[in-house]
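These notes are about the structure you will find just below.
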Amino acid sequence: MDPFTKAKDLGIQTEYIDGQGHRHVTDAKALKAILDALPARVPHRFLGEAVVIRSGRPSQTELRQTATFPLRWKIVAGLRVIAEGETRDRVIAWPADLPEGAHLLHLTDASSFTEDAPLIVAPPKAFGGDFDRCWLLAVQLYGIRSARNWGIGDFTDLEALIELAGHLGADGVGLNPLHALFDDRPADCSPYSPNSRLFLNALYIDVEKLPGFQPSVLAEASNTLARLRASDIVDYVAVAELKWHALRAAFDAFRANPKTEHHAAFSKFRAERGALLSRFACFEVLRHKFNGPWWEWPAEWQQPDDARSAALHAGPDAAEIEFVKFVQWAADQQLRSCRDLATRLGLKVGLYLDVAVGVQSDGFDAWNEQAAISRHLAVGAPPDALNTAGQNWGLAGFNAAGLEIRSFEPFREMLRASMRHAGAIRLDHVLGLKRLYLVPHGFAADNGVYVQMPFEALLAATAQESIAHRCVVIGEDLGTVPEGFREQMADWGIWSYQVMMFERDDHGKFCDIDHYTPNALVTFNTHDLSTYAGWRSFSDLALKRSLGIDPGESDEARWHALTMLNDVLRHHAIHRHDLFAVVGFLARTRSRLLAVSLEDLLGVLDQPNIPGTVNEHPNWRQRLPLAIDEIASAIDVAALKTATGTRAPV
């Protein structure tokens with residue numbers, strides 16, 4: 001079979017029209033590299049894809065022409081057959097009383113050919129939230145200043161932010177991903193390029209709250225701590241050196257005193273996270289031992305193996321493995337305390353957490369799930385008006401074949417980890433649930449392909465985990481998406497993400513309030529866009545030009561945008577044009593969630609991240625101008641509460 005035919009059978013789109021209207025056909029060598037990177041999968045004979053049944057709704061599945069009849073089917077949950085039957089035509093009508101869950105469907109036709117496929121019985125919709133309308137304070141946690149933190153915002157600062165949010169009238173705090181990064185690469189600090197989406201970033205731990213914390217560490221590092229606290233930029237290398245030293249000292253003291261209530265909590269955490277935590281701990285130890293990417297390790301460790309992992313736990317590396325688990329327990333406990341505080345204060349959402357679209361190819365998730373995640377393929381985007389060469393984000397993402405082979409469990413694990421302490425999550429680049437643009441390593445970004453994903457099955461799995469965790473799911477659906485995409489998301493109860501900067505017509509006119517949908521999070525900007533103060537002052541344009549970057553907008557276009565903003569505000573009798581005017585406008589939309597960034601409330605000019613830059617701009621490093629205990633007095637709280645007051649039910 002030639003590669004283009006094989007690609008078509010696997011749902012790979014080998015040609016596309018880019019954002020500039022140009023037709024692209026994937027190079028044959030690039031296509032071969034893509035096909036070689038995907039796991040082998042036996043083509044479906046009876047079914048086109050995994051079966052999805054929505055609880056309480058009549059459901060049937062059409063079989064392919066290759067089946068011979070009669071065809072027998074049975075549904076297996078664990079080791080138990082929960083339903084079975086036979087069909088003599090090309091449609092199977094499923095029983096109405098199937099239990100919700102992820103099951104296995106086993107099919108056998110008259111020729112004794114058999115086929116297995118995942119079968120998901122899902123709730124009708126994802127969790128819709130138990131609130132009417134509210135707003136969230138959006139924050140870059142690393143950038144929080146306080147007199148006590150170690151030069152980077154931490155989970156104790158997050159508790160203070162939760163209290164601040166309650167004081168301001170907000171119902172939660174929104175954060176960038178808290179995913180685990182690489183402890184030995186602290187300068188690689190983008191929260192959207194994680195080692196693992198299943199575990200937490202240890203640098204957010206307040207080490208002084210650890211059981212076993214050694215106060216002598218403070219005295220030894222007093223000069224360094226003073227410098228880090230005073231700095232306007234997070235010095236990740238210095239912060240990491242201090243924190244990991246303190247974590248190890250605390251762990252040694254913790255181990256030396258085994259009969260405390262903390263050890264019981266630690267044991268409970270290890271049991272909760274189970275084999276996944278054990279694998280992560282082993283991976284981290286092996287990564288440091290072999291000092292290279294996992295595909296260059298000794299052959300016996302290039303694949304996760306629970307038996308070898310158990311032996312490693314009992315060997316000379318046992319203490320180091322336990323240390324990794326201790327660190328993750330500490331992070332989880334402190335994040336849980338933040339969630340519990342939000343609950344006690346009556347915040348309706350609590351924590352709203354971001355989920356990155358992919359992972360680094362040499363990280364834990366890619367090692368742990370080599371069928372569902374291919375290290376040879378990077379997620380990106382085809383050429384468009386702003387990125388004429390296309391984009392390669394350098395992240396490994398899920399692939400359809402591997403997810404189906406694993407009955408979508410890797411995707412579920414990612415959701416569970418993200419929802420563990422969250423009242424809402426946002427899936428970055430949610431279009432990736434339907435199709436991913438993948439670029440093979442060694443090829444230009446415009447030589448990728450669109451790979452179709454099992455959209456319905458992923459939505460069903462999302463709905464299941466959302467209901468189980470009572471967690472609202474928001475999909476980052478910015479830009480152009482396929483026809484019907486947003487409608488299908490909405491039908492499953494996945495919320496939209498509407499950014500006012502982008503909600504404009506072809507003439508630059510801002511959309512009116514009735515344009516915004518009820519089940520959406522609405523905001524003026526994002527961390528990748530200018531702050532409100534920077535946008536009004538043109539400083540974002542000036543900064544990008546100074547860095548040699550085309551801002552994609554002229555000064556004349558910005559003046560026009562400001563005029564259009566004034567027009568839509570005046571239309572609603574809002575005669576100011578400050579941040580509170582914009583917040584007041586967004587608060588009048590039907591959207592049930594509104595996010596306001598802390599940078600905007602403090603009038604910060606520079607944006608947290610400038611896409612397309614690495615060292616030219618201090619991305620993910622900038623700290624706020626004020627300490628956490630100074631923020632409330634710097635904000636016009638009365639004006640903010642007036643602006644957000646229309647968050648009441650309508």
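In the structure tokens, each chain is lettered A, B, ... as it comes, each chain's residues begin at 1, and ligands are numbered from 1 in order of appearance.
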
- Polymer residues at most 8 Å from stretch 488-497 of chain A, only C-alpha atoms, same-chain spacing of 4 or more positions, as a PyMOL selection string: chain A and resi 124-128+459-460+463+472-478+484+517+519-522

Write out the residues from the selection above, keeping N, CA and C atoms, as a PDB file, in the first residue's frame.
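Dumped everything to selection.pdb:
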ATOM      1  N   PRO A 124     -24.788  12.509  29.539  1.00  0.00           N
ATOM      2  CA  PRO A 124     -25.211  13.309  28.381  1.00  0.00           C
ATOM      3  C   PRO A 124     -24.355  14.541  28.151  1.00  0.00           C
ATOM      4  N   LYS A 125     -23.873  15.153  29.245  1.00  0.00           N
ATOM      5  CA  LYS A 125     -23.079  16.375  29.129  1.00  0.00           C
ATOM      6  C   LYS A 125     -22.034  16.415  30.238  1.00  0.00           C
ATOM      7  N   ALA A 126     -21.031  17.251  30.027  1.00  0.00           N
ATOM      8  CA  ALA A 126     -20.057  17.524  31.076  1.00  0.00           C
ATOM      9  C   ALA A 126     -20.705  18.339  32.189  1.00  0.00           C
ATOM     10  N   PHE A 127     -20.008  18.469  33.293  1.00  0.00           N
ATOM     11  CA  PHE A 127     -20.503  19.236  34.437  1.00  0.00           C
ATOM     12  C   PHE A 127     -20.690  20.699  34.031  1.00  0.00           C
ATOM     13  N   GLY A 128     -21.874  21.231  34.314  1.00  0.00           N
ATOM     14  CA  GLY A 128     -22.197  22.583  33.874  1.00  0.00           C
ATOM     15  C   GLY A 128     -21.937  23.670  34.885  1.00  0.00           C
ATOM     16  N   LEU A 459     -14.524  13.639  23.664  1.00  0.00           N
ATOM     17  CA  LEU A 459     -15.546  14.447  24.329  1.00  0.00           C
ATOM     18  C   LEU A 459     -16.287  13.621  25.378  1.00  0.00           C
ATOM     19  N   ALA A 460     -16.565  12.370  25.038  1.00  0.00           N
ATOM     20  CA  ALA A 460     -17.259  11.492  25.993  1.00  0.00           C
ATOM     21  C   ALA A 460     -16.407  11.258  27.235  1.00  0.00           C
ATOM     22  N   ALA A 463     -16.436  14.358  29.338  1.00  0.00           N
ATOM     23  CA  ALA A 463     -17.693  14.493  30.084  1.00  0.00           C
ATOM     24  C   ALA A 463     -17.705  13.583  31.303  1.00  0.00           C
ATOM     25  N   VAL A 472     -15.893  22.090  35.676  1.00  0.00           N
ATOM     26  CA  VAL A 472     -16.252  22.695  34.394  1.00  0.00           C
ATOM     27  C   VAL A 472     -15.051  22.598  33.454  1.00  0.00           C
ATOM     28  N   VAL A 473     -15.321  22.301  32.175  1.00  0.00           N
ATOM     29  CA  VAL A 473     -14.251  22.207  31.185  1.00  0.00           C
ATOM     30  C   VAL A 473     -14.459  23.283  30.124  1.00  0.00           C
ATOM     31  N   ILE A 474     -13.419  24.083  29.918  1.00  0.00           N
ATOM     32  CA  ILE A 474     -13.438  25.157  28.927  1.00  0.00           C
ATOM     33  C   ILE A 474     -12.444  24.792  27.838  1.00  0.00           C
ATOM     34  N   GLY A 475     -12.846  24.916  26.591  1.00  0.00           N
ATOM     35  CA  GLY A 475     -11.962  24.608  25.477  1.00  0.00           C
ATOM     36  C   GLY A 475     -11.421  25.878  24.856  1.00  0.00           C
ATOM     37  N   GLU A 476     -10.106  25.986  24.736  1.00  0.00           N
ATOM     38  CA  GLU A 476      -9.492  27.159  24.101  1.00  0.00           C
ATOM     39  C   GLU A 476      -9.670  26.997  22.589  1.00  0.00           C
ATOM     40  N   ASP A 477     -10.743  27.622  22.085  1.00  0.00           N
ATOM     41  CA  ASP A 477     -11.153  27.436  20.689  1.00  0.00           C
ATOM     42  C   ASP A 477     -10.958  28.702  19.871  1.00  0.00           C
ATOM     43  N   LEU A 478      -9.852  29.410  20.108  1.00  0.00           N
ATOM     44  CA  LEU A 478      -9.587  30.655  19.390  1.00  0.00           C
ATOM     45  C   LEU A 478      -9.245  30.365  17.931  1.00  0.00           C
ATOM     46  N   GLY A 484     -19.126  23.406  12.551  1.00  0.00           N
ATOM     47  CA  GLY A 484     -19.811  22.516  13.475  1.00  0.00           C
ATOM     48  C   GLY A 484     -19.014  22.144  14.705  1.00  0.00           C
ATOM     49  N   THR A 517     -21.603  33.818  24.140  1.00  0.00           N
ATOM     50  CA  THR A 517     -22.491  32.710  24.494  1.00  0.00           C
ATOM     51  C   THR A 517     -22.520  32.500  26.010  1.00  0.00           C
ATOM     52  N   ASN A 519     -22.446  29.669  27.973  1.00  0.00           N
ATOM     53  CA  ASN A 519     -21.444  28.741  28.503  1.00  0.00           C
ATOM     54  C   ASN A 519     -20.085  29.034  27.868  1.00  0.00           C
ATOM     55  N   ALA A 520     -19.499  30.109  28.349  1.00  0.00           N
ATOM     56  CA  ALA A 520     -18.193  30.542  27.852  1.00  0.00           C
ATOM     57  C   ALA A 520     -17.473  31.291  28.956  1.00  0.00           C
ATOM     58  N   LEU A 521     -16.139  31.242  28.874  1.00  0.00           N
ATOM     59  CA  LEU A 521     -15.335  32.142  29.689  1.00  0.00           C
ATOM     60  C   LEU A 521     -14.941  33.301  28.787  1.00  0.00           C
ATOM     61  N   VAL A 522     -15.249  34.514  29.218  1.00  0.00           N
ATOM     62  CA  VAL A 522     -14.967  35.698  28.419  1.00  0.00           C
ATOM     63  C   VAL A 522     -13.900  36.516  29.131  1.00  0.00           C
TER      64      VAL A 522
END

Find the spatial neighbours of A:Val499, counting only C-alpha atoms, within a cut-off of 12 Å - ignore same-chain residues fewer than 6 positions away - and output them as a CSV table (one decimal) with C-alpha atoms, in the first residue's frame.
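Result went into around14.csv, see below:
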chain,number,residue,atom,x,y,z
A,476,GLU,CA,-9.5,27.2,24.1
A,477,ASP,CA,-11.2,27.4,20.7
A,478,LEU,CA,-9.6,30.7,19.4
A,479,GLY,CA,-9.2,31.2,15.7
A,510,PHE,CA,-16.0,44.9,18.4
A,511,CYS,CA,-18.9,42.4,18.7
A,515,HIS,CA,-22.5,37.8,20.5
A,516,TYR,CA,-21.1,36.1,23.6
A,517,THR,CA,-22.5,32.7,24.5
A,520,ALA,CA,-18.2,30.5,27.9
A,521,LEU,CA,-15.3,32.1,29.7
A,522,VAL,CA,-15.0,35.7,28.4
A,523,THR,CA,-11.9,37.9,28.9
A,524,PHE,CA,-10.3,40.9,27.3
A,525,ASN,CA,-6.9,39.3,26.6
A,526,THR,CA,-4.6,36.3,27.3
A,527,HIS,CA,-1.1,35.9,28.6
A,528,ASP,CA,0.1,35.8,24.9
A,529,LEU,CA,-1.5,39.2,24.2
A,586,LEU,CA,-17.9,42.1,29.5
A,591,SER,CA,-21.3,34.5,29.5
A,593,LEU,CA,-17.6,33.2,33.6
A,594,LEU,CA,-15.5,36.3,33.2
A,595,ALA,CA,-11.7,36.5,33.8
A,596,VAL,CA,-9.8,39.7,34.7

- Mind checking which residues fall within 7 Å of stretch 550-553 of chain A, counting only C-alpha atoms, ignoring those fewer than 4 positions away in the same chain, and posting them as a list of chain:residue names?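 After dropping sequence-adjacent residues, the list is A:Leu386, A:Leu541, A:Lys544, A:Arg545, A:Ala557, A:Arg558.
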
Where does stretch 45-143 of chain A meet stretch 340-357 of chain A within 12 Å, residue by residue, with the nearest atom pair and distance in Å to one decimal for each, counting only C-alpha atoms, listed by chain and rising number, as JSON lines?
{"residue": "A:Gly128", "atom": "CA", "partner": "A:Val349", "partner_atom": "CA", "distance": 11.5}
{"residue": "A:Gly129", "atom": "CA", "partner": "A:Val349", "partner_atom": "CA", "distance": 8.2}
{"residue": "A:Asp130", "atom": "CA", "partner": "A:Lys348", "partner_atom": "CA", "distance": 7.5}
{"residue": "A:Phe131", "atom": "CA", "partner": "A:Lys348", "partner_atom": "CA", "distance": 6.5}
{"residue": "A:Asp132", "atom": "CA", "partner": "A:Lys348", "partner_atom": "CA", "distance": 9.5}
{"residue": "A:Arg133", "atom": "CA", "partner": "A:Lys348", "partner_atom": "CA", "distance": 9.6}
{"residue": "A:Cys134", "atom": "CA", "partner": "A:Lys348", "partner_atom": "CA", "distance": 7.9}
{"residue": "A:Trp135", "atom": "CA", "partner": "A:Val349", "partner_atom": "CA", "distance": 9.0}
{"residue": "A:Leu136", "atom": "CA", "partner": "A:Val349", "partner_atom": "CA", "distance": 8.2}
{"residue": "A:Leu137", "atom": "CA", "partner": "A:Tyr352", "partner_atom": "CA", "distance": 9.4}
{"residue": "A:Ala138", "atom": "CA", "partner": "A:Tyr352", "partner_atom": "CA", "distance": 8.7}
{"residue": "A:Val139", "atom": "CA", "partner": "A:Tyr352", "partner_atom": "CA", "distance": 10.3}
{"residue": "A:Gln140", "atom": "CA", "partner": "A:Leu353", "partner_atom": "CA", "distance": 11.2}
{"residue": "A:Leu141", "atom": "CA", "partner": "A:Leu353", "partner_atom": "CA", "distance": 11.3}

- Task: Within stretch 209-266 of chain A, find each residue whose DSSP state, derived from the backbone, is helix (DSSP H, G or I), and express the selection as a PyMOL selection string.
- Result: chain A and resi 209+216-220+222-230+236-256+261-266

Nearby residues (only C-alpha atoms) at most 8 Å from stretch 625-630 of chain A, same-chain spacing under 3 positions excluded, as a PDB file with N, CA and C atoms, in the first residue's frame:
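Just written: around-v3.pdb:
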ATOM      1  N   ILE A 144       4.176  36.347  41.565  1.00  0.00           N
ATOM      2  CA  ILE A 144       3.698  36.957  42.811  1.00  0.00           C
ATOM      3  C   ILE A 144       4.875  37.275  43.734  1.00  0.00           C
ATOM      4  N   ARG A 145       4.866  38.484  44.242  1.00  0.00           N
ATOM      5  CA  ARG A 145       5.856  38.896  45.241  1.00  0.00           C
ATOM      6  C   ARG A 145       5.257  38.766  46.639  1.00  0.00           C
ATOM      7  N   SER A 146       6.105  38.411  47.591  1.00  0.00           N
ATOM      8  CA  SER A 146       5.722  38.491  48.994  1.00  0.00           C
ATOM      9  C   SER A 146       6.994  38.592  49.816  1.00  0.00           C
ATOM     10  N   ALA A 147       6.860  39.079  51.033  1.00  0.00           N
ATOM     11  CA  ALA A 147       8.033  39.249  51.883  1.00  0.00           C
ATOM     12  C   ALA A 147       8.643  37.915  52.267  1.00  0.00           C
ATOM     13  N   ASP A 157       1.393  31.800  48.691  1.00  0.00           N
ATOM     14  CA  ASP A 157       0.938  33.004  47.991  1.00  0.00           C
ATOM     15  C   ASP A 157      -0.402  32.762  47.310  1.00  0.00           C
ATOM     16  N   ALA A 160      -3.076  33.366  49.667  1.00  0.00           N
ATOM     17  CA  ALA A 160      -3.313  34.805  49.808  1.00  0.00           C
ATOM     18  C   ALA A 160      -4.085  35.351  48.607  1.00  0.00           C
ATOM     19  N   LEU A 161      -3.815  34.810  47.427  1.00  0.00           N
ATOM     20  CA  LEU A 161      -4.547  35.228  46.231  1.00  0.00           C
ATOM     21  C   LEU A 161      -6.017  34.826  46.320  1.00  0.00           C
ATOM     22  N   ASP A 232      13.163  41.883  39.874  1.00  0.00           N
ATOM     23  CA  ASP A 232      11.965  42.053  39.055  1.00  0.00           C
ATOM     24  C   ASP A 232      11.724  40.857  38.134  1.00  0.00           C
ATOM     25  N   VAL A 604      -0.059  46.967  34.609  1.00  0.00           N
ATOM     26  CA  VAL A 604       1.226  46.514  34.073  1.00  0.00           C
ATOM     27  C   VAL A 604       1.242  46.695  32.557  1.00  0.00           C
ATOM     28  N   SER A 633      -4.875  47.448  48.250  1.00  0.00           N
ATOM     29  CA  SER A 633      -4.922  48.899  48.424  1.00  0.00           C
ATOM     30  C   SER A 633      -4.570  49.640  47.141  1.00  0.00           C
ATOM     31  N   ALA A 634      -3.963  48.937  46.166  1.00  0.00           N
ATOM     32  CA  ALA A 634      -3.602  49.576  44.898  1.00  0.00           C
ATOM     33  C   ALA A 634      -4.722  49.489  43.863  1.00  0.00           C
TER      34      ALA A 634
END

- For A:Ala445: contacts at 7 Å, only C-alpha atoms, fewer than 5 positions along chain excluded, given as number ranges by chain: A: 382, 389-392, 439

- Message: as a VMD selection string, please: every residue in stretch 77-278 of chain A that a backbone DSSP assignment puts in strand (DSSP E).
- Response: chain A and resid 77 80 to 87 91 to 93 101 to 108 114 to 122 134 to 139 172 to 175 179 to 180 196 to 200
